[in-house]
$ cat upload-v2.txt   # compact mmCIF, C-alpha atoms
# COMPACT_ATOMS: atom_id res chain seq x y z
CA MET A 29 213.58 43.09 270.55
CA THR A 30 210.63 44.12 268.48
CA VAL A 31 209.54 41.81 265.75
CA ILE A 32 208.51 43.77 262.69
CA SER A 33 205.37 42.40 261.10
CA HIS A 34 204.44 45.17 258.67
CA HIS A 35 207.12 46.06 256.14
CA ILE A 36 207.57 48.44 253.26
CA GLY A 37 207.24 46.82 249.84
CA GLU A 38 210.15 46.25 247.50
CA THR A 39 209.03 48.91 245.07
CA LEU A 40 208.79 51.67 247.61
CA ILE A 41 212.21 50.67 248.93
CA ALA A 42 213.66 50.67 245.42
CA ALA A 43 212.06 54.06 244.74
CA HIS A 44 213.70 55.36 247.93
CA VAL A 45 217.12 54.00 246.94
CA ALA A 46 216.80 55.48 243.45
CA GLY A 47 215.87 58.92 244.81
CA GLN A 48 212.33 58.72 243.43
CA LEU A 49 210.49 59.35 246.69
CA PRO A 50 209.74 62.83 247.98
CA HIS A 51 211.83 63.75 251.01
CA VAL A 52 209.11 63.23 253.64
CA PHE A 53 208.49 59.64 252.52
CA SER A 54 212.20 58.92 252.37
CA VAL A 55 212.49 59.92 256.03
CA VAL A 56 209.95 57.23 256.98
CA VAL A 57 211.61 54.61 254.77
CA ALA A 58 215.07 55.41 256.18
CA ALA A 59 213.67 55.27 259.72
CA HIS A 60 212.11 51.88 259.06
CA ILE A 61 215.27 50.50 257.43
CA SER A 62 217.13 51.58 260.56
CA VAL A 63 215.16 49.05 262.61
CA CYS A 64 214.24 46.43 260.01
CA ASP A 65 216.88 44.08 258.64
CA GLU A 66 214.50 42.66 256.07
CA CYS A 67 213.84 46.04 254.46
CA ARG A 68 217.53 46.94 254.79
CA ALA A 69 218.28 43.86 252.74
CA ARG A 70 215.72 44.99 250.14
CA ALA A 71 217.38 48.40 249.99
CA GLU A 72 220.82 46.88 249.59
CA ALA A 73 219.54 44.63 246.80
CA ALA A 74 218.17 47.72 245.03
CA GLU A 75 221.57 49.39 245.51
CA ALA A 76 223.16 46.40 243.83
CA LEU A 77 220.91 47.07 240.85
CA GLY A 78 222.09 50.70 240.89
CA GLY A 79 225.68 49.46 241.04
CA ALA A 80 225.10 47.15 238.10
CA LEU A 81 223.69 50.07 236.11
CA ILE A 82 226.72 52.23 236.96
CA GLU A 83 229.00 49.43 235.78
CA GLY A 84 227.16 49.41 232.47
CA ILE A 85 227.11 53.17 231.89
CA ARG A 86 229.33 54.71 229.22
CA PRO A 87 232.04 56.52 231.23
CA ALA A 88 232.38 60.30 230.84
CA THR A 89 235.69 62.04 230.34
CA LEU A 90 237.14 63.33 233.56
CA SER A 91 239.86 65.96 233.79
CA VAL A 92 243.29 64.89 235.03
CA ALA A 93 243.15 67.81 237.45
CA ALA A 94 240.13 66.29 239.20
CA ARG A 95 242.01 63.06 239.79
CA ASP A 96 245.10 64.92 241.01
CA ARG A 97 243.05 67.00 243.43
CA VAL A 98 241.39 63.93 244.94
CA MET A 99 244.68 62.03 245.29
CA ALA A 100 246.26 65.09 246.93
CA ALA A 101 243.31 65.45 249.32
CA LEU A 102 243.60 61.94 250.72
CA ASP A 103 245.88 63.22 253.46
CA ASP A 104 243.48 65.94 254.64
CA ASP A 105 241.83 64.09 257.38
CA ALA A 106 238.65 66.07 257.25
CA PRO A 107 236.33 63.53 258.82
CA GLU A 108 232.85 63.01 257.42
CA PRO A 109 230.45 64.94 259.65
CA ALA A 110 228.98 62.50 262.15
CA PRO A 111 225.26 61.94 261.60
CA ILE A 112 222.81 62.83 264.36
CA PRO A 113 222.42 59.59 266.35
CA ARG A 114 219.23 57.83 267.35
CA SER A 115 217.74 58.97 270.64
CA GLY A 116 215.32 56.85 272.63
CA ILE A 117 212.44 55.80 270.41
CA PHE A 118 213.52 58.09 267.57
CA PRO A 119 215.70 56.47 264.88
CA ALA A 120 218.54 58.60 263.50
CA PRO A 121 216.68 59.79 260.35
CA VAL A 122 213.79 60.99 262.54
CA MET A 123 216.22 62.77 264.88
CA GLN A 124 217.70 64.41 261.80
CA ALA A 125 214.23 65.58 260.74
CA MET A 126 213.72 66.88 264.31
CA GLY A 127 216.94 68.87 264.04
CA GLY A 128 218.51 66.78 266.81
CA LYS A 129 216.09 68.17 269.39
CA PRO A 130 213.51 66.37 271.53
CA PRO A 131 209.91 66.60 270.29
CA HIS A 132 208.14 69.90 270.69
CA TRP A 133 204.50 68.89 270.95
CA ARG A 134 201.46 70.99 270.12
CA MET A 135 198.23 70.00 271.86
CA LEU A 136 195.44 69.08 269.49
CA GLY A 137 192.83 68.42 272.21
CA GLY A 138 191.80 65.22 273.90
CA GLY A 139 195.38 64.53 274.87
CA VAL A 140 196.43 64.15 271.25
CA ARG A 141 199.63 65.96 270.36
CA GLN A 142 201.53 66.54 267.17
CA GLN A 143 204.65 68.12 265.82
CA ILE A 144 204.92 68.97 262.15
CA LEU A 145 208.47 68.24 261.02
CA ALA A 146 208.15 69.25 257.39
CA ALA A 147 205.40 70.52 255.15
CA ASP A 148 205.65 71.65 251.59
CA ARG A 149 204.11 70.99 248.20
CA GLU A 150 205.49 67.47 248.12
CA GLY A 151 203.82 66.40 251.34
CA SER A 152 204.05 66.67 255.07
CA LEU A 153 205.81 64.83 257.83
CA ARG A 154 204.57 64.81 261.40
CA LEU A 155 204.93 63.13 264.74
CA LEU A 156 201.69 62.12 266.42
CA TYR A 157 201.12 61.28 270.08
CA ILE A 158 197.88 59.42 270.75
CA PRO A 159 196.75 58.50 274.28
CA PRO A 160 195.86 54.83 274.72
CA GLY A 161 192.49 53.83 273.24
CA LEU A 162 191.97 57.08 271.32
CA ALA A 163 191.57 57.46 267.57
CA VAL A 164 194.39 58.83 265.48
CA PRO A 165 193.09 62.17 264.13
CA GLU A 166 192.19 62.26 260.47
CA HIS A 167 195.17 63.86 258.81
CA GLY A 168 193.85 63.41 255.33
CA HIS A 169 195.54 61.45 252.65
CA ARG A 170 194.58 61.88 249.08
CA GLY A 171 197.76 60.25 247.97
CA LEU A 172 200.21 57.93 249.60
CA GLU A 173 200.43 57.74 253.36
CA LEU A 174 203.22 56.04 255.31
CA THR A 175 202.79 55.71 259.06
CA MET A 176 205.53 54.20 261.20
CA VAL A 177 204.92 53.34 264.84
CA LEU A 178 207.73 54.51 267.12
CA GLN A 179 206.16 53.58 270.44
CA GLY A 180 203.05 51.70 271.53
CA SER A 181 200.72 50.44 268.84
CA PHE A 182 197.60 51.17 266.83
CA SER A 183 195.04 48.97 265.15
CA ASP A 184 192.73 49.47 262.19
CA SER A 185 191.01 47.37 259.54
CA GLU A 186 194.44 46.39 258.22
CA GLY A 187 195.65 44.89 261.48
CA ARG A 188 197.70 45.80 264.50
CA PHE A 189 200.81 47.93 264.06
CA ALA A 190 203.49 47.95 266.75
CA ALA A 191 206.83 49.71 267.15
CA GLY A 192 208.83 49.52 263.93
CA ASP A 193 205.84 48.58 261.76
CA VAL A 194 204.83 50.75 258.83
CA GLU A 195 201.33 51.05 257.43
CA VAL A 196 201.33 51.88 253.74
CA ALA A 197 197.98 53.33 252.66
CA GLY A 198 196.74 54.49 249.29
CA GLY A 199 194.14 57.20 248.78
CA GLU A 200 191.02 55.14 249.12
CA LEU A 201 191.86 53.15 252.22
CA ASP A 202 189.21 54.18 254.73
CA HIS A 203 190.79 53.46 258.03
CA GLN A 204 190.35 54.72 261.52
CA PRO A 205 193.43 53.80 263.53
CA ILE A 206 192.92 53.43 267.28
CA ALA A 207 195.88 53.57 269.67
CA GLY A 208 196.39 50.36 271.61
CA PRO A 209 195.67 50.10 275.35
CA ASP A 210 199.37 49.48 276.04
CA GLY A 211 200.32 53.13 276.58
CA PRO A 212 200.52 56.22 274.37
CA CYS A 213 201.16 55.56 270.68
CA ILE A 214 203.78 57.75 269.04
CA CYS A 215 204.04 57.56 265.26
CA LEU A 216 205.68 59.24 262.35
CA ALA A 217 203.39 59.97 259.42
CA ALA A 218 204.21 61.16 255.92
CA THR A 219 201.16 62.11 253.89
CA ASP A 220 199.68 63.64 250.82
CA ALA A 221 202.12 63.61 248.02
CA PRO A 222 201.06 63.78 244.43
CA LEU A 223 203.39 60.97 243.46
CA ARG A 224 204.68 60.63 239.96
CA PHE A 225 206.48 57.47 239.13
CA HIS A 226 208.28 56.07 236.18
CA ALA A 227 206.53 53.50 234.07
CA LEU A 228 208.19 50.59 235.85
CA LEU A 229 207.22 51.78 239.29
CA PRO A 230 203.42 52.13 238.91
CA ARG A 231 203.27 48.61 237.59
CA LEU A 232 205.04 47.32 240.65
CA LEU A 233 202.99 49.56 242.91
CA GLN A 234 199.63 48.23 241.76
CA PRO A 235 199.23 45.63 244.48
CA LEU A 236 200.18 48.26 247.00
CA PHE A 237 197.48 50.70 246.02
CA ARG A 238 195.02 48.10 244.81
CA ILE A 239 194.52 49.98 241.58
CA MET B 7 221.35 27.57 231.67
CA ARG B 8 222.25 30.97 230.33
CA ILE B 9 225.74 31.60 229.09
CA LEU B 10 226.66 35.18 229.72
CA PRO B 11 228.21 37.13 226.92
CA MET B 12 231.79 37.99 227.80
CA SER B 13 231.02 41.68 227.99
CA LEU B 14 228.72 41.07 230.95
CA GLU B 15 231.18 39.32 233.13
CA CYS B 16 232.67 41.14 236.00
CA PRO B 17 236.34 41.43 235.22
CA LEU B 18 238.24 38.57 236.76
CA VAL B 19 240.91 39.40 239.24
CA ASP B 20 244.27 39.79 237.60
CA PRO B 21 247.59 38.97 239.19
CA VAL B 22 248.43 42.65 239.38
CA GLY B 23 245.33 43.28 241.44
CA LEU B 24 246.45 40.51 243.73
CA ALA B 25 249.81 42.09 244.30
CA ASP B 26 248.06 45.28 245.33
CA ALA B 27 245.98 43.63 247.99
CA PRO B 28 248.41 41.49 249.93
CA LEU B 29 246.12 40.74 252.86
CA HIS B 30 243.20 39.84 250.67
CA ALA B 31 245.29 37.82 248.28
CA GLY B 32 244.80 35.11 250.86
CA LEU B 33 241.07 35.29 250.23
CA LEU B 34 241.36 34.34 246.60
CA PRO B 35 242.88 30.85 246.73
CA VAL B 36 240.19 30.07 249.29
CA LEU B 37 237.58 31.18 246.82
CA SER B 38 239.02 29.14 243.99
CA ASP B 39 239.45 26.11 246.20
CA ARG B 40 235.89 26.36 247.41
CA ALA B 41 234.58 26.74 243.91
CA ALA B 42 236.64 23.82 242.74
CA ALA B 43 235.52 21.69 245.65
CA GLY B 44 231.92 22.64 245.07
CA HIS B 45 231.43 24.49 248.35
CA GLY B 46 229.48 27.62 248.90
CA ALA B 47 229.09 28.77 245.35
CA PRO B 48 225.89 27.24 244.03
CA MET B 49 226.47 28.10 240.40
CA GLU B 50 230.09 27.14 239.98
CA GLN B 51 229.34 24.92 237.02
CA GLU B 52 227.56 27.71 235.21
CA ARG B 53 229.79 29.00 232.49
CA GLY B 54 230.55 32.65 232.41
CA VAL B 55 229.75 33.21 236.07
CA GLN B 56 232.73 34.71 237.79
CA GLU B 57 234.66 32.45 240.09
CA THR B 58 236.48 35.13 242.00
CA VAL B 59 235.57 38.33 243.76
CA SER B 60 235.61 41.34 241.41
CA GLU B 61 238.76 43.40 241.35
CA GLN B 62 236.74 46.51 242.26
CA THR B 63 235.68 44.89 245.53
CA LEU B 64 239.27 43.81 246.24
CA TRP B 65 240.51 47.34 245.59
CA LEU B 66 237.94 48.73 247.99
CA LEU B 67 238.97 46.17 250.61
CA ALA B 68 242.61 47.21 250.19
CA VAL B 69 241.55 50.83 250.68
CA ARG B 70 239.51 49.89 253.75
CA ASP B 71 242.12 47.69 255.43
CA GLN B 72 245.47 49.04 254.22
CA ARG B 73 244.58 52.59 253.17
CA ASP B 74 246.14 51.52 249.86
CA ARG B 75 246.45 54.58 247.60
CA GLN B 76 247.26 52.62 244.49
CA ALA B 77 244.11 50.57 244.95
CA PHE B 78 242.19 53.80 245.50
CA ALA B 79 243.64 55.24 242.28
CA ARG B 80 242.31 52.19 240.45
CA LEU B 81 238.90 52.60 242.04
CA PHE B 82 238.97 56.23 241.02
CA ASP B 83 239.87 55.45 237.41
CA HIS B 84 237.10 52.89 237.22
CA PHE B 85 234.24 54.63 239.03
CA ALA B 86 234.87 58.38 238.79
CA PRO B 87 234.14 58.60 235.03
CA ARG B 88 231.01 56.47 235.53
CA ILE B 89 229.77 58.60 238.42
CA LYS B 90 230.38 61.68 236.34
CA ALA B 91 228.34 60.14 233.53
CA MET B 92 225.48 59.52 235.98
CA LEU B 93 225.63 63.10 237.25
CA LEU B 94 225.65 64.50 233.72
CA ARG B 95 222.63 62.37 232.83
CA GLY B 96 220.99 63.69 236.00
CA GLY B 97 221.31 67.20 234.60
CA LEU B 98 224.44 68.61 236.24
CA ARG B 99 226.73 70.80 234.17
CA ASP B 100 230.20 69.51 233.42
CA GLY B 101 232.12 71.63 235.94
CA MET B 102 229.65 70.92 238.72
CA ALA B 103 229.70 67.19 237.90
CA GLU B 104 233.50 67.19 238.23
CA ASP B 105 233.25 68.82 241.66
CA VAL B 106 230.65 66.35 242.85
CA VAL B 107 232.67 63.38 241.58
CA GLN B 108 235.60 64.56 243.70
CA ASP B 109 233.33 64.84 246.74
CA VAL B 110 231.96 61.37 246.18
CA MET B 111 235.36 59.73 245.70
CA LEU B 112 236.73 61.43 248.82
CA ALA B 113 233.71 60.12 250.73
CA VAL B 114 234.56 56.64 249.39
CA TRP B 115 238.07 57.04 250.84
CA ARG B 116 236.83 58.37 254.18
CA LYS B 117 233.92 56.00 254.69
CA ALA B 118 235.68 52.87 253.48
CA ASP B 119 235.61 51.40 256.99
CA GLN B 120 231.83 51.03 256.56
CA PHE B 121 232.19 48.84 253.47
CA ASP B 122 231.08 45.25 254.02
CA PRO B 123 231.67 42.98 251.01
CA HIS B 124 229.27 40.42 252.49
CA ARG B 125 226.44 42.86 251.90
CA ALA B 126 227.45 44.87 248.85
CA PRO B 127 229.76 44.65 245.87
CA ALA B 128 231.92 47.78 245.52
CA SER B 129 229.71 49.10 242.70
CA ALA B 130 226.57 48.98 244.88
CA TRP B 131 228.26 50.67 247.83
CA ILE B 132 229.70 53.43 245.67
CA TYR B 133 226.37 53.85 243.86
CA ARG B 134 224.72 54.52 247.21
CA ILE B 135 227.21 57.22 248.15
CA ALA B 136 227.02 58.88 244.73
CA ARG B 137 223.23 58.73 244.48
CA ASN B 138 222.75 60.14 247.96
CA ARG B 139 225.08 63.01 247.17
CA GLN B 140 223.07 63.65 244.01
CA ILE B 141 219.85 63.62 246.06
CA ASP B 142 221.33 66.08 248.59
CA LEU B 143 222.11 68.49 245.77
CA ALA B 144 218.81 68.13 243.94
CA ARG B 145 216.75 68.69 247.08
CA ARG B 146 219.13 71.13 248.71
CA ARG B 147 218.90 69.19 251.95
CA PRO B 148 220.54 66.01 253.18
CA ALA B 149 219.01 62.75 252.04
CA PRO B 150 217.63 60.82 255.02
CA LEU B 151 220.05 57.97 255.67
CA PRO B 152 219.30 54.82 257.64
CA GLU B 153 221.43 54.19 260.70
CA VAL B 154 224.62 52.33 259.95
CA LEU B 155 224.30 48.71 261.00
CA ASP B 156 226.51 47.80 263.93
CA GLU B 157 228.78 45.00 262.89
CA PRO B 158 229.89 42.38 265.33
CA PRO B 159 233.62 43.11 265.87
CA GLU B 160 236.07 41.65 263.35
CA THR B 161 234.20 38.80 261.80
CA GLU B 162 236.26 36.65 259.47
CA PRO B 163 235.52 37.34 255.81
CA ASP B 164 233.33 34.56 254.50
CA ALA B 165 234.67 34.02 251.01
CA ALA B 166 231.74 31.90 249.86
CA GLN B 167 229.26 34.54 251.02
CA ILE B 168 231.14 37.35 249.26
CA LEU B 169 231.44 35.37 246.07
CA ALA B 170 227.80 34.28 246.10
CA LEU B 171 226.68 37.91 246.44
CA GLU B 172 228.86 38.94 243.52
CA GLN B 173 227.60 36.07 241.39
CA GLU B 174 224.02 37.09 242.13
CA THR B 175 224.91 40.62 241.03
CA THR B 176 226.42 39.26 237.83
CA ARG B 177 223.21 37.40 237.09
CA LEU B 178 221.26 40.58 237.75
CA LYS B 179 223.40 42.29 235.13
CA ALA B 180 222.58 39.51 232.69
CA ALA B 181 218.87 39.98 233.40
CA LEU B 182 219.26 43.71 232.74
CA GLN B 183 221.03 42.97 229.51
CA ALA B 184 218.13 40.79 228.38
CA LEU B 185 215.62 43.67 228.55
CA SER B 186 214.50 45.67 225.55
CA PRO B 187 216.26 49.00 225.03
CA GLU B 188 213.09 50.84 226.15
CA GLN B 189 212.84 48.85 229.34
CA THR B 190 216.51 49.38 230.11
CA ARG B 191 216.00 53.06 229.47
CA THR B 192 213.15 53.23 231.99
CA ILE B 193 215.20 51.59 234.71
CA GLU B 194 218.23 53.73 233.95
CA GLN B 195 216.07 56.81 234.15
CA ALA B 196 214.79 55.82 237.58
CA PHE B 197 218.16 54.81 239.03
CA LEU B 198 220.66 57.04 237.27
CA GLU B 199 218.83 60.12 236.08
CA GLU B 200 215.74 61.94 237.27
CA LEU B 201 215.25 62.62 240.94
CA THR B 202 212.22 63.93 242.70
CA HIS B 203 212.96 67.17 244.42
CA SER B 204 210.94 69.69 246.31
CA GLU B 205 210.41 71.91 243.30
CA ILE B 206 208.28 69.32 241.53
CA SER B 207 206.42 67.98 243.74
CA GLN B 208 219.14 48.11 265.59
CA GLN B 209 218.79 46.23 265.66
CA THR B 210 215.93 43.85 265.31
CA GLY B 211 217.73 40.99 266.97
CA LEU B 212 218.08 39.12 263.69
CA PRO B 213 221.52 37.64 263.19
CA LEU B 214 223.51 39.39 260.51
CA GLY B 215 223.62 36.18 258.50
CA THR B 216 219.92 36.64 257.90
CA ILE B 217 220.27 40.06 256.34
CA LYS B 218 223.06 38.79 254.12
CA SER B 219 221.02 35.93 252.75
CA ARG B 220 218.05 38.25 252.33
CA ILE B 221 220.04 40.64 250.17
CA ARG B 222 220.61 37.76 247.80
CA LEU B 223 216.96 36.85 248.00
CA GLY B 224 216.13 40.44 247.11
CA LEU B 225 218.52 40.37 244.18
CA ASP B 226 216.98 37.14 243.01
CA ARG B 227 213.49 38.68 243.15
CA LEU B 228 214.69 41.77 241.30
CA ARG B 229 216.19 39.57 238.62
CA LYS B 230 212.91 37.68 238.24
CA GLU B 231 211.03 40.96 238.14
CA LEU B 232 213.28 42.04 235.27
CA ALA B 233 212.74 38.70 233.56
CA ASP B 234 208.94 39.17 233.87
CA LEU B 235 209.25 42.61 232.33
CA LYS B 236 211.03 41.10 229.38
CA ARG B 237 208.17 38.70 228.76
CA GLU B 238 205.61 41.50 228.54

$ encode --input "upload-v2.txt" --output "structure tokens"
Amino acid sequence: MTVISHHIGETLIAAHVAGQLPHVFSVVVAAHISVCDECRARAEAAEALGGALIEGIRPATLSVAARDRVMAALDDDAPEPAPIPRSGIFPAPVMQAMGGKPPHWRMLGGGVRQQILAADREGSLRLLYIPPGLAVPEHGHRGLELTMVLQGSFSDSEGRFAAGDVEVAGGELDHQPIAGPDGPCICLAATDAPLRFHALLPRLLQPLFRI
Amino acid sequence: MRILPMSLECPLVDPVGLADAPLHAGLLPVLSDRAAAGHGAPMEQERGVQETVSEQTLWLLAVRDQRDRQAFARLFDHFAPRIKAMLLRGGLRDGMAEDVVQDVMLAVWRKADQFDPHRAPASAWIYRIARNRQIDLARRRPAPLPEVLDEPPETEPDAAQILALEQETTRLKAALQALSPEQTRTIEQAFLEELTHSEISQQTGLPLGTIKSRIRLGLDRLRKELADLKRE
């Protein structure tokens, strides 16, 4: 099985758990956690912090009716809707972003293909297909960029990234990823969010962005 | 060695809680014996650190394994008012918060088979469900969820592992308590309140034991991070 050598930092994981990441970045984090036990452990540690905070919160008053309704509903065996499962190289959160359908590629020229999965003011999420040895097209990142390799590999000044690895890049990282010779590289890229973090988070993010 | 104030301790399991969880009652003597014999629990001499699994986790196990309604009612009474408080602080109106709390607690009942006390205390597992529901609502689309980890079938509960995780969580609480009110406020804001939403802006082959020990490592790092914050 793949050995993950490029992970997502604790802070980004904690921000994901706490609901502080825009949707498109959370898709990449959830996809990576799906294949990376180390980052799953980081997420579960952050959830423990959330649990500790919930234990310490001053409880609100809840109506008796709410309790009665829940207790009465325990017999309704309405199952939780089953999540869309993983398919091939696409982890479940990516399949969810793809609407459960196989990729629908657009040709960008030179054999490069892409599918935009989401694009709004908070950022964009896309699948990229790069033939072996070709450069990943410049998709512009003024802000944070998370790129997860789903198949094959790419290399840039930061190293070699293989299936499961995530490259976390800040705005000023000037990198020109080249797909490895080992077959087409398929990756998931979330880009371009004007991120706003709480005071704690920027401090922890400094090493990440080298600011 | 820090002595935790009483208010920080996870409630110890009471005999009534034991009676409600007949299958897991067997877990508890094991835990006490191990602690007494010095096995598994590294901090057993530390005063104020719990020596048994929290009653919330035992309730959730009784729900998972016996579909125990009384245990669920206790979970509800403990967590529902806290989840509602989180939702209110996140900006939901009272009526809406009540609806969402019911959703969340029903999801707790229905998803209980996914609960693994080796990897999460009950509070962490329920936080995840509640926070994700809150994210769904704020963004008006489902929060991306990682795939559920496939467990090896029916592994024996490892009492020492469960207890060690809960003790690490208790120490994390103590680290939180040591922060200044402003620092606590910042963390609470990030984890319990504001959410980003669109308007504003397999298996890796590692044995499961590895992920379990890494969760504790992660908790330990978080605790140190909090301790560093305090020093600033």

$ closest_atom_pairs --input "upload-v2.txt" --of "chain A" --to "chain B" --cutoff "7 Å" --atoms "only C-alpha atoms" --output "JSON lines"
{"residue": "A:Met29", "atom": "CA", "partner": "B:Thr210", "partner_atom": "CA", "distance": 5.8}
{"residue": "A:Thr30", "atom": "CA", "partner": "B:Thr210", "partner_atom": "CA", "distance": 6.2}
{"residue": "A:Val31", "atom": "CA", "partner": "B:Thr210", "partner_atom": "CA", "distance": 6.7}
{"residue": "A:Ala46", "atom": "CA", "partner": "B:Phe197", "partner_atom": "CA", "distance": 4.7}
{"residue": "A:Gly47", "atom": "CA", "partner": "B:Leu201", "partner_atom": "CA", "distance": 5.4}
{"residue": "A:Gln48", "atom": "CA", "partner": "B:Thr202", "partner_atom": "CA", "distance": 5.3}
{"residue": "A:Leu49", "atom": "CA", "partner": "B:Thr202", "partner_atom": "CA", "distance": 6.3}
{"residue": "A:Pro50", "atom": "CA", "partner": "B:Thr202", "partner_atom": "CA", "distance": 5.9}
{"residue": "A:Ser54", "atom": "CA", "partner": "B:Pro150", "partner_atom": "CA", "distance": 6.3}
{"residue": "A:Val55", "atom": "CA", "partner": "B:Pro150", "partner_atom": "CA", "distance": 5.3}
{"residue": "A:Ala58", "atom": "CA", "partner": "B:Pro152", "partner_atom": "CA", "distance": 4.5}
{"residue": "A:Ala59", "atom": "CA", "partner": "B:Pro152", "partner_atom": "CA", "distance": 6.0}
{"residue": "A:Ile61", "atom": "CA", "partner": "B:Pro152", "partner_atom": "CA", "distance": 5.9}
{"residue": "A:Ser62", "atom": "CA", "partner": "B:Pro152", "partner_atom": "CA", "distance": 4.9}
{"residue": "A:Val63", "atom": "CA", "partner": "B:Gln208", "partner_atom": "CA", "distance": 5.1}
{"residue": "A:Cys64", "atom": "CA", "partner": "B:Thr210", "partner_atom": "CA", "distance": 6.1}
{"residue": "A:Asp65", "atom": "CA", "partner": "B:Ile217", "partner_atom": "CA", "distance": 5.7}
{"residue": "A:Glu66", "atom": "CA", "partner": "B:Ile217", "partner_atom": "CA", "distance": 6.3}
{"residue": "A:Ala69", "atom": "CA", "partner": "B:Ile221", "partner_atom": "CA", "distance": 4.5}
{"residue": "A:Arg70", "atom": "CA", "partner": "B:Gly224", "partner_atom": "CA", "distance": 5.5}
{"residue": "A:Glu72", "atom": "CA", "partner": "B:Ile221", "partner_atom": "CA", "distance": 6.3}
{"residue": "A:Ala73", "atom": "CA", "partner": "B:Leu225", "partner_atom": "CA", "distance": 5.1}
{"residue": "A:Glu75", "atom": "CA", "partner": "B:Ala130", "partner_atom": "CA", "distance": 5.1}
{"residue": "A:Ala76", "atom": "CA", "partner": "B:Ala130", "partner_atom": "CA", "distance": 4.4}
{"residue": "A:Gly78", "atom": "CA", "partner": "B:Phe197", "partner_atom": "CA", "distance": 6.0}
{"residue": "A:Gly79", "atom": "CA", "partner": "B:Ala130", "partner_atom": "CA", "distance": 4.0}
{"residue": "A:Ala80", "atom": "CA", "partner": "B:Lys179", "partner_atom": "CA", "distance": 5.9}
{"residue": "A:Leu81", "atom": "CA", "partner": "B:Glu194", "partner_atom": "CA", "distance": 6.9}
{"residue": "A:Ile82", "atom": "CA", "partner": "B:Arg88", "partner_atom": "CA", "distance": 6.2}
{"residue": "A:Glu83", "atom": "CA", "partner": "B:Ser129", "partner_atom": "CA", "distance": 7.0}
{"residue": "A:Ile85", "atom": "CA", "partner": "B:Arg88", "partner_atom": "CA", "distance": 6.3}
{"residue": "A:Arg86", "atom": "CA", "partner": "B:Arg88", "partner_atom": "CA", "distance": 6.8}
{"residue": "A:Pro87", "atom": "CA", "partner": "B:Arg88", "partner_atom": "CA", "distance": 4.4}
{"residue": "A:Ala88", "atom": "CA", "partner": "B:Pro87", "partner_atom": "CA", "distance": 4.9}
{"residue": "A:Thr89", "atom": "CA", "partner": "B:Pro87", "partner_atom": "CA", "distance": 6.0}
{"residue": "A:Leu90", "atom": "CA", "partner": "B:Pro87", "partner_atom": "CA", "distance": 5.8}
{"residue": "A:Ala94", "atom": "CA", "partner": "B:Gln108", "partner_atom": "CA", "distance": 6.6}
{"residue": "A:Val98", "atom": "CA", "partner": "B:Gln108", "partner_atom": "CA", "distance": 6.0}
{"residue": "A:Pro107", "atom": "CA", "partner": "B:Arg116", "partner_atom": "CA", "distance": 7.0}
{"residue": "A:Glu108", "atom": "CA", "partner": "B:Arg116", "partner_atom": "CA", "distance": 6.9}
{"residue": "A:Ala120", "atom": "CA", "partner": "B:Glu153", "partner_atom": "CA", "distance": 6.0}
{"residue": "A:Pro121", "atom": "CA", "partner": "B:Pro150", "partner_atom": "CA", "distance": 5.5}
{"residue": "A:Arg149", "atom": "CA", "partner": "B:Ser207", "partner_atom": "CA", "distance": 5.9}
{"residue": "A:Glu150", "atom": "CA", "partner": "B:Ser207", "partner_atom": "CA", "distance": 4.5}
{"residue": "A:Pro222", "atom": "CA", "partner": "B:Ser207", "partner_atom": "CA", "distance": 6.8}
{"residue": "A:His226", "atom": "CA", "partner": "B:Ala196", "partner_atom": "CA", "distance": 6.7}
{"residue": "A:Ala227", "atom": "CA", "partner": "B:Thr192", "partner_atom": "CA", "distance": 6.9}
{"residue": "A:Leu228", "atom": "CA", "partner": "B:Thr192", "partner_atom": "CA", "distance": 6.8}

$ atom_distance --input "upload-v2.txt" --atom1 "CA of Leu64 in chain B" --atom2 "CA of Glu162 in chain B"
15.3 Å

$ closest_residue --input "upload-v2.txt" --among "A:Thr219, A:Gln124, A:Thr39, A:Ser33" --to "Arg154 in chain A" --atoms "only C-alpha atoms"
A:Thr219

$ atom_distance --input "upload-v2.txt" --atom1 "CA of Met123 in chain A" --atom2 "CA of Leu174 in chain A"
17.5 Å

$ atom_distance --input "upload-v2.txt" --atom1 "CA of Ser186 in chain B" --atom2 "CA of Leu77 in chain A"
16.6 Å

$ residues_around --input "upload-v2.txt" --residues "range 133-138 of chain A" --least-positions-apart "6" --cutoff "9 Å" --atoms "all atoms listed in the file" --output "VMD selection string"
chain A and resid 144 155 to 159 162

$ build_atoms --input "upload-v2.txt" --residues "range 143-147 of chain B" --atoms "N, CA and C atoms" --output "PDB file, in the frame of the given file"
ATOM      1  N   LEU B 143     221.976  67.293 246.603  1.00  0.00           N
ATOM      2  CA  LEU B 143     222.110  68.490 245.770  1.00  0.00           C
ATOM      3  C   LEU B 143     220.780  68.860 245.134  1.00  0.00           C
ATOM      4  N   ALA B 144     220.058  67.849 244.639  1.00  0.00           N
ATOM      5  CA  ALA B 144     218.810  68.130 243.940  1.00  0.00           C
ATOM      6  C   ALA B 144     217.772  68.711 244.897  1.00  0.00           C
ATOM      7  N   ARG B 145     217.781  68.237 246.140  1.00  0.00           N
ATOM      8  CA  ARG B 145     216.750  68.690 247.080  1.00  0.00           C
ATOM      9  C   ARG B 145     217.231  69.815 247.969  1.00  0.00           C
ATOM     10  N   ARG B 146     218.511  70.096 247.862  1.00  0.00           N
ATOM     11  CA  ARG B 146     219.130  71.130 248.710  1.00  0.00           C
ATOM     12  C   ARG B 146     218.922  70.832 250.186  1.00  0.00           C
ATOM     13  N   ARG B 147     218.869  69.586 250.544  1.00  0.00           N
ATOM     14  CA  ARG B 147     218.900  69.190 251.950  1.00  0.00           C
ATOM     15  C   ARG B 147     219.386  67.743 252.000  1.00  0.00           C
TER      16      ARG B 147
END
